[in-house]
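*Asks:* Attaching a single structure in structure tokens format; questions to follow.
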Amino acid sequence: MIEQLRNKHARISVVGLGYVGLPIALEFGRHFHVTGFDIDPTRIEALKNNVDPGGELPASYFENSTVDFTTDIDALKHCNFHIIAVPTPVDEHKVPDLSSLQSATQTIASVLKNGDYVVFESTVYPGCTEDICLPILESVSGLKVNTDFKLGYSPERINPGDDVHTLRNVMKIVSGSDKEALETISDVYVSIVQPGVYQASSIKVAEAAKILENTQRDLNIALMNELSIILDKMGVNTYEVIEAAGTKWNFHKYKPGLVGGHCIGVDPYYLTYKAMELDYEPYVILSGRKVNDNMAYHVAKRCVQKLIEAGKNLATSRILVMGITFKENVNDIRNSKVADMIKELRSFGLQVDVVDPKADSAEVEKHYGFELQKVNGHQYDAIILAVPHKEYVQLTPEYFASIATTDGIFIDIKGIFRDKINTLQYWSL
Ligand SMILES: NC(=O)c1ccc[n+]([C@@H]2O[C@H](COP(=O)([O-])OP(=O)(O)OC[C@H]3O[C@@H](n4cnc5c(N)ncnc54)[C@H](O)[C@@H]3O)[C@@H](O)[C@H]2O)c1
């Protein structure tokens with residue numbers, strides 16, 4: 001396969017061109033013939049014009065890469081190495097929603113040929129690729145895995161907003177349905193991942209490794225969030241404690257915060273879903289989720305308490321929330337926990353203005369029902385620095401003081417301005 005890809009007698013397809021699929025398609029497009037397929041025509045139009053709708057990759061990233069972007073399923077018929085990178089969210093009951101994954105698998109199954117490879121990149125629970133996707137591939141195509149086509153799973157480690165840990169320079173886990181599949185899939189990925197690949201012993205191991213990476217992070221943040229609630233009751237700043245504890249050689253400096261987005265706050269539910277199917281209640285993981293999911297309400301509650309303590313009238317108080325995206329330096333507002341916090345603040349009758357230099361106001365309106373504003377001469381009773389975008393980290397304490405009332409409150413969720421804010425009442429997680 002690798003030789004055929006190199007001499008352009010075989011093609012790669014990438015199905016789903018979001019945060020994960022787009023860089024993969026573009027990196028492979030520097031070496032091989034690549035077809036990039038997505039069901040969203042607006043996205044395909046943007047990509048054809050070298051624009052990443054996710055705002056992650058600059059136009060220069062499209063240079064020296066040839067990818068045929070399309071919404072046409074027929075174009076996939078000429079491809080031989082298929083990579084599926086579609087969303088795997090949870091529904092409102094926190095149950096895995098596999099509909100995109102199943103539909104993308106159907107798409108590939110309908111064009112599958114003898115000798116093809118199918119590699120899944122979407123984050124799933126251990127067993128999902130073989131128990132859910134493989135039967136679709138086999139039944140729709142009429143082909144048999146390992147005899148007629150090969151299967152693989154290679155989880156993604158892309159971190160939106162992070163230009164240090166990229167697809168190109170972070171080791172990637174690969175796995176395959178048999179030894180030959182593993183070797184071929186390794187050869188293909190090695191051509192774009194400089195540190196090389198880690199060969200997992202099975203598809204399930206690779207799936208579980210990805211879920212573990214994110215569940216570990218979720219739980220560590222949950223521990224810091226819980227600690228922060230406890231320390232706050234004692235009037236002790238959590239970041240000071242983390243800094244002190246961080247002088248020990250084996251202490252890991254996780255920080256408290258809102259856990260939004262579609263990875264850390266979602267993937268653990270894939271594991272807990274599978275655990276419960278296997279008749280085990282994963283109480284540690286679920287407790288961590290509960291703590292993290294409640295942090296937005298905790299911050300809103302503390303803001304209201306601070307306003308009351310300061311003698312403010314809630315009916316006339318005005319709050320500025322800085323940042324609505326799910327994390328810093330990205331434009332993605334989906335699963336933003338800041339939105340939960342705003343809803344909670346408004347439930348107390350507070351007037352809340354929301355600003356964000358990265359987010360698109362129309363998108364915010366569509367998802368959350370309010371528009372973004374500009375800081376425009378109001379004096380705020382409380383400022384909540386919710387998402388520390390680069391633009392906000394560069395601001396000065398004097399700036400914050402200039403847009404706040406004299407007895408204003410500064411809530412710094414991530415502790416960025418600790419020890420710097422003197423004229424406003426300071427609080428952080
Ligand atoms: N975003 C991350 O940081 C990250 C990191 C590691 C792993 N992952 C995982 O990678 C997977 C993809 O996530 P993402 O963040 O790239 O998602 P995304 O929402 O950014 O993009 C997914 C793309 O898939 C397209 N799509 C949906 N259904 C499709 C279908 N049936 N056929 C073709 N295209 C379809 C959508 O139009 C969209 O363009 C998920 O399983 C996610 O958990 C994401």
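Order determines the names: the first chain of the structure tokens is A, the second B, and so forth; residues in each chain are numbered 1 upward, and ligands are numbered 1 upward as they are shown.
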Grab me every residue within 6 Å of ligand 1, counting only C-alpha atoms and all ligand atoms, and send it over as number ranges by chain.

*Replies:* A: 15-21, 38-40, 85-88, 100, 103-104, 122-123, 156-160, 263

*Asks:* Would you write out those residues with N, CA and C atoms, as a compact mmCIF listing (two decimals), in the first residue's frame?

*Replies:*
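Output (result_27.txt):
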```txt
# COMPACT_ATOMS: atom_id res chain seq x y z
N VAL A 15 -12.41 11.35 5.77
CA VAL A 15 -13.84 11.61 5.88
C VAL A 15 -14.10 12.38 7.17
N GLY A 16 -14.59 13.62 7.04
CA GLY A 16 -14.78 14.50 8.21
C GLY A 16 -13.57 15.42 8.30
N LEU A 17 -13.77 16.71 7.94
CA LEU A 17 -12.62 17.62 7.84
C LEU A 17 -12.69 18.73 8.90
N GLY A 18 -12.81 18.30 10.16
CA GLY A 18 -12.85 19.27 11.26
C GLY A 18 -11.46 19.44 11.86
N TYR A 19 -11.43 19.69 13.17
CA TYR A 19 -10.16 19.89 13.88
C TYR A 19 -9.17 18.76 13.60
N VAL A 20 -9.70 17.53 13.55
CA VAL A 20 -8.83 16.37 13.42
C VAL A 20 -8.57 16.05 11.94
N GLY A 21 -9.64 15.94 11.17
CA GLY A 21 -9.51 15.48 9.79
C GLY A 21 -8.74 16.44 8.89
N ASP A 38 -16.40 15.77 3.13
CA ASP A 38 -17.20 16.23 4.28
C ASP A 38 -18.64 16.41 3.79
N ILE A 39 -19.60 16.24 4.71
CA ILE A 39 -21.00 16.41 4.29
C ILE A 39 -21.42 17.88 4.31
N ASP A 40 -20.56 18.75 4.84
CA ASP A 40 -20.92 20.16 4.98
C ASP A 40 -20.40 20.97 3.78
N ALA A 85 -12.75 10.60 10.54
CA ALA A 85 -12.51 11.53 11.67
C ALA A 85 -13.75 12.40 11.89
N VAL A 86 -14.86 11.76 12.18
CA VAL A 86 -16.12 12.51 12.37
C VAL A 86 -16.42 12.65 13.87
N PRO A 87 -17.32 13.55 14.23
CA PRO A 87 -17.56 13.80 15.66
C PRO A 87 -18.19 12.60 16.37
N THR A 88 -17.81 12.45 17.65
CA THR A 88 -18.43 11.43 18.50
C THR A 88 -18.84 12.12 19.81
N SER A 100 -23.03 10.09 13.66
CA SER A 100 -22.11 10.55 12.60
C SER A 100 -21.12 9.44 12.25
N SER A 103 -22.89 6.84 10.23
CA SER A 103 -23.21 7.30 8.88
C SER A 103 -21.95 7.41 8.02
N ALA A 104 -20.84 7.88 8.60
CA ALA A 104 -19.58 7.95 7.83
C ALA A 104 -19.09 6.54 7.49
N SER A 122 -11.79 8.78 15.16
CA SER A 122 -12.74 9.36 16.13
C SER A 122 -12.55 8.69 17.49
N THR A 123 -12.70 9.49 18.54
CA THR A 123 -12.59 8.95 19.89
C THR A 123 -13.82 8.12 20.21
N GLU A 156 -6.40 10.43 17.83
CA GLU A 156 -5.80 11.72 17.52
C GLU A 156 -5.43 12.45 18.81
N ARG A 157 -4.31 13.19 18.76
CA ARG A 157 -3.89 13.93 19.96
C ARG A 157 -3.88 15.43 19.73
N ILE A 158 -4.52 15.85 18.64
CA ILE A 158 -4.54 17.29 18.33
C ILE A 158 -5.17 18.07 19.49
N ASN A 159 -4.59 19.23 19.79
CA ASN A 159 -5.03 20.04 20.91
C ASN A 159 -5.34 21.44 20.37
N PRO A 160 -6.62 21.76 20.10
CA PRO A 160 -6.95 23.06 19.50
C PRO A 160 -6.32 24.22 20.28
N CYS A 263 -13.80 17.10 24.02
CA CYS A 263 -12.88 15.98 24.32
C CYS A 263 -12.91 15.64 25.80
```

*Asks:* Would you kindly return, as a list in words, each protein, DNA or RNA residue with an atom no farther than 8 Å from any atom of Phe81 of chain A, considering only C-alpha atoms and excluding same-chain residues fewer than 5 positions away?

*Replies:*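 Counting only C-alpha atoms, the residues come to Ala10, Arg11, Ile12, Ser13, Asp116, Tyr117, Val118 and Val119 of chain A.
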
*Asks:* Write down as an NGL selection string the residues of segment 7-222 of chain A whose backbone DSSP state falls under strand (DSSP E).

*Replies:* :A and (11-15 or 33-37 or 67-70 or 81-84 or 117-120 or 150-153 or 172-176 or 197-199)

*Asks:* How would the residues just chosen look if you wrote them out with C-alpha atoms as a PDB file, in the first residue's frame?

*Replies:*
```pdb
ATOM      1  CA  ARG A  11      -5.252   7.435  -2.875  1.00  0.00           C
ATOM      2  CA  ILE A  12      -6.050   8.353   0.700  1.00  0.00           C
ATOM      3  CA  SER A  13      -9.499   9.590   1.671  1.00  0.00           C
ATOM      4  CA  VAL A  14     -10.186  11.569   4.823  1.00  0.00           C
ATOM      5  CA  VAL A  15     -13.844  11.608   5.881  1.00  0.00           C
ATOM      6  CA  HIS A  33      -2.974  11.865  -3.541  1.00  0.00           C
ATOM      7  CA  VAL A  34      -5.707  12.782  -1.047  1.00  0.00           C
ATOM      8  CA  THR A  35      -9.475  13.231  -1.277  1.00  0.00           C
ATOM      9  CA  GLY A  36     -10.988  15.226   1.578  1.00  0.00           C
ATOM     10  CA  PHE A  37     -14.685  14.429   2.046  1.00  0.00           C
ATOM     11  CA  VAL A  67      -6.194  17.709  -1.363  1.00  0.00           C
ATOM     12  CA  ASP A  68      -9.299  17.341  -3.525  1.00  0.00           C
ATOM     13  CA  PHE A  69     -12.030  18.683  -1.250  1.00  0.00           C
ATOM     14  CA  THR A  70     -15.475  17.304  -2.060  1.00  0.00           C
ATOM     15  CA  PHE A  81      -6.813   4.072   2.375  1.00  0.00           C
ATOM     16  CA  HIS A  82      -9.788   5.617   4.176  1.00  0.00           C
ATOM     17  CA  ILE A  83      -9.480   7.642   7.366  1.00  0.00           C
ATOM     18  CA  ILE A  84     -12.636   8.499   9.328  1.00  0.00           C
ATOM     19  CA  TYR A 117      -7.842   0.007   4.416  1.00  0.00           C
ATOM     20  CA  VAL A 118     -10.215   1.745   6.822  1.00  0.00           C
ATOM     21  CA  VAL A 119      -8.686   3.579   9.801  1.00  0.00           C
ATOM     22  CA  PHE A 120     -10.834   5.273  12.448  1.00  0.00           C
ATOM     23  CA  LYS A 150      -8.029  -4.223   6.629  1.00  0.00           C
ATOM     24  CA  LEU A 151      -9.183  -2.275   9.642  1.00  0.00           C
ATOM     25  CA  GLY A 152      -7.296   0.037  11.979  1.00  0.00           C
ATOM     26  CA  TYR A 153      -7.665   2.623  14.718  1.00  0.00           C
ATOM     27  CA  LYS A 172       0.791   8.758  17.312  1.00  0.00           C
ATOM     28  CA  ILE A 173      -0.720   5.473  18.451  1.00  0.00           C
ATOM     29  CA  VAL A 174      -1.641   3.046  15.662  1.00  0.00           C
ATOM     30  CA  SER A 175      -3.349  -0.334  15.688  1.00  0.00           C
ATOM     31  CA  GLY A 176      -4.567  -2.829  13.119  1.00  0.00           C
ATOM     32  CA  VAL A 197       4.214   5.807  15.821  1.00  0.00           C
ATOM     33  CA  TYR A 198       3.497   3.575  18.803  1.00  0.00           C
ATOM     34  CA  GLN A 199       2.142   0.198  17.747  1.00  0.00           C
TER      35      GLN A 199
END
```

*Asks:* Have a look at A:Ser110, A:Thr325, A:Gln305, A:Asn422 and name the one nearest to Lys337 of chain A; count only C-alpha atoms.

*Replies:*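 Closest to Lys337 of chain A, using only C-alpha atoms: A:Thr325.
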
*Asks:* Using only C-alpha atoms for the distances, tell me which of A:Trp427, A:Phe32, A:Tyr125, A:Tyr61 is nearest to Lys274 of chain A.

*Replies:* A:Tyr125

*Asks:* What does the structure give for the distance between atom CA of Ser201 of chain A and atom CA of Asn146 of chain A, in Å to one decimal?

*Replies:*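 According to the coordinates, atom CA of Ser201 of chain A and atom CA of Asn146 of chain A are separated by 16.0 Å.
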
*Asks:* Which residues, written as number ranges by chain, have at least one atom at most 8 Å from Thr215 of chain A, with only C-alpha atoms counted and residues fewer than 6 positions away on the same chain left out?

*Replies:* A: 264, 267-268, 285

*Asks:* List every residue of segment 75-128 of chain A that DSSP, applied to the backbone, labels as helix (DSSP H, G or I), and write the result as JSON, numbers by chain.

*Replies:* {"A": [75, 76, 77, 78, 99, 100, 101, 102, 103, 104, 105, 106, 107, 108, 109, 128]}

*Asks:* Contacts of Ile333 of chain A at 9 Å or less, counting only C-alpha atoms, minus same-chain residues fewer than 3 places along, as a list in words?

*Replies:* Gly261, Ile324, Thr325, Phe326, Lys327, Val330, Ser336, Ala339, Ala359, Asp360, Glu363, Val364 and His367 of chain A

*Asks:* For Leu26 of chain A, which residue out of A:Gly408, A:Pro58, A:Gly161, A:Gly323 is the nearest one, using only C-alpha atoms?

*Replies:*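 The shortest atom-to-atom distance to Leu26 of chain A comes from A:Pro58.
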
*Asks:* Within 12 Å of Glu391 of chain A, counting only C-alpha atoms, which residues show up once you throw out same-chain ones fewer than 5 positions away? Write them as a PyMOL selection string, please.

*Replies:* chain A and resi 322-323+328-330+355-358+385+396

*Asks:* Could you please take those selected residues and save N, CA and C atoms as a PDB file, in the first residue's frame?

*Replies:*
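See again-v4.pdb below for the written result:
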```
ATOM      1  N   MET A 322     -15.613  37.958  30.001  1.00  0.00           N
ATOM      2  CA  MET A 322     -14.617  38.034  28.932  1.00  0.00           C
ATOM      3  C   MET A 322     -14.254  36.616  28.489  1.00  0.00           C
ATOM      4  N   GLY A 323     -14.726  36.268  27.284  1.00  0.00           N
ATOM      5  CA  GLY A 323     -14.435  34.942  26.731  1.00  0.00           C
ATOM      6  C   GLY A 323     -15.640  34.022  26.828  1.00  0.00           C
ATOM      7  N   GLU A 328      -9.098  28.759  25.728  1.00  0.00           N
ATOM      8  CA  GLU A 328      -8.417  29.946  25.238  1.00  0.00           C
ATOM      9  C   GLU A 328      -7.849  29.746  23.830  1.00  0.00           C
ATOM     10  N   ASN A 329      -7.814  30.846  23.087  1.00  0.00           N
ATOM     11  CA  ASN A 329      -7.161  30.922  21.774  1.00  0.00           C
ATOM     12  C   ASN A 329      -7.778  30.030  20.699  1.00  0.00           C
ATOM     13  N   VAL A 330      -9.047  29.655  20.863  1.00  0.00           N
ATOM     14  CA  VAL A 330      -9.783  28.972  19.794  1.00  0.00           C
ATOM     15  C   VAL A 330     -11.064  29.761  19.528  1.00  0.00           C
ATOM     16  N   VAL A 355     -18.116  39.442  25.909  1.00  0.00           N
ATOM     17  CA  VAL A 355     -17.207  39.819  24.818  1.00  0.00           C
ATOM     18  C   VAL A 355     -16.272  38.648  24.537  1.00  0.00           C
ATOM     19  N   ASP A 356     -15.786  38.579  23.330  1.00  0.00           N
ATOM     20  CA  ASP A 356     -14.805  37.543  22.967  1.00  0.00           C
ATOM     21  C   ASP A 356     -14.146  37.932  21.650  1.00  0.00           C
ATOM     22  N   PRO A 357     -12.813  38.008  21.618  1.00  0.00           N
ATOM     23  CA  PRO A 357     -12.145  38.431  20.385  1.00  0.00           C
ATOM     24  C   PRO A 357     -12.090  37.339  19.325  1.00  0.00           C
ATOM     25  N   LYS A 358     -12.337  36.096  19.716  1.00  0.00           N
ATOM     26  CA  LYS A 358     -12.207  34.979  18.774  1.00  0.00           C
ATOM     27  C   LYS A 358     -13.554  34.490  18.247  1.00  0.00           C
ATOM     28  N   LEU A 385     -13.048  37.187  34.062  1.00  0.00           N
ATOM     29  CA  LEU A 385     -12.132  36.757  33.005  1.00  0.00           C
ATOM     30  C   LEU A 385     -12.294  35.236  32.909  1.00  0.00           C
ATOM     31  N   THR A 396      -3.782  45.135  31.049  1.00  0.00           N
ATOM     32  CA  THR A 396      -3.135  45.546  32.302  1.00  0.00           C
ATOM     33  C   THR A 396      -4.173  45.660  33.426  1.00  0.00           C
TER      34      THR A 396
END
```

*Asks:* What separation in Å, quoted to one decimal, exists between atom CA of Ile108 of chain A and atom CA of Leu57 of chain A?

*Replies:*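 We find that atom CA of Ile108 of chain A and atom CA of Leu57 of chain A lie 26.4 Å from each other.
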
*Asks:* Separation of atom CA of Leu167 of chain A and atom CA of Val193 of chain A, in Å?

*Replies:*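 Atom CA of Leu167 of chain A sits 6.6 Å away from atom CA of Val193 of chain A.
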
*Asks:* Counting only C-alpha atoms, which residue out of A:Glu226, A:Glu27, A:Asp148, A:Glu281 sits closest to Asn64 of chain A?

*Replies:* A:Glu27
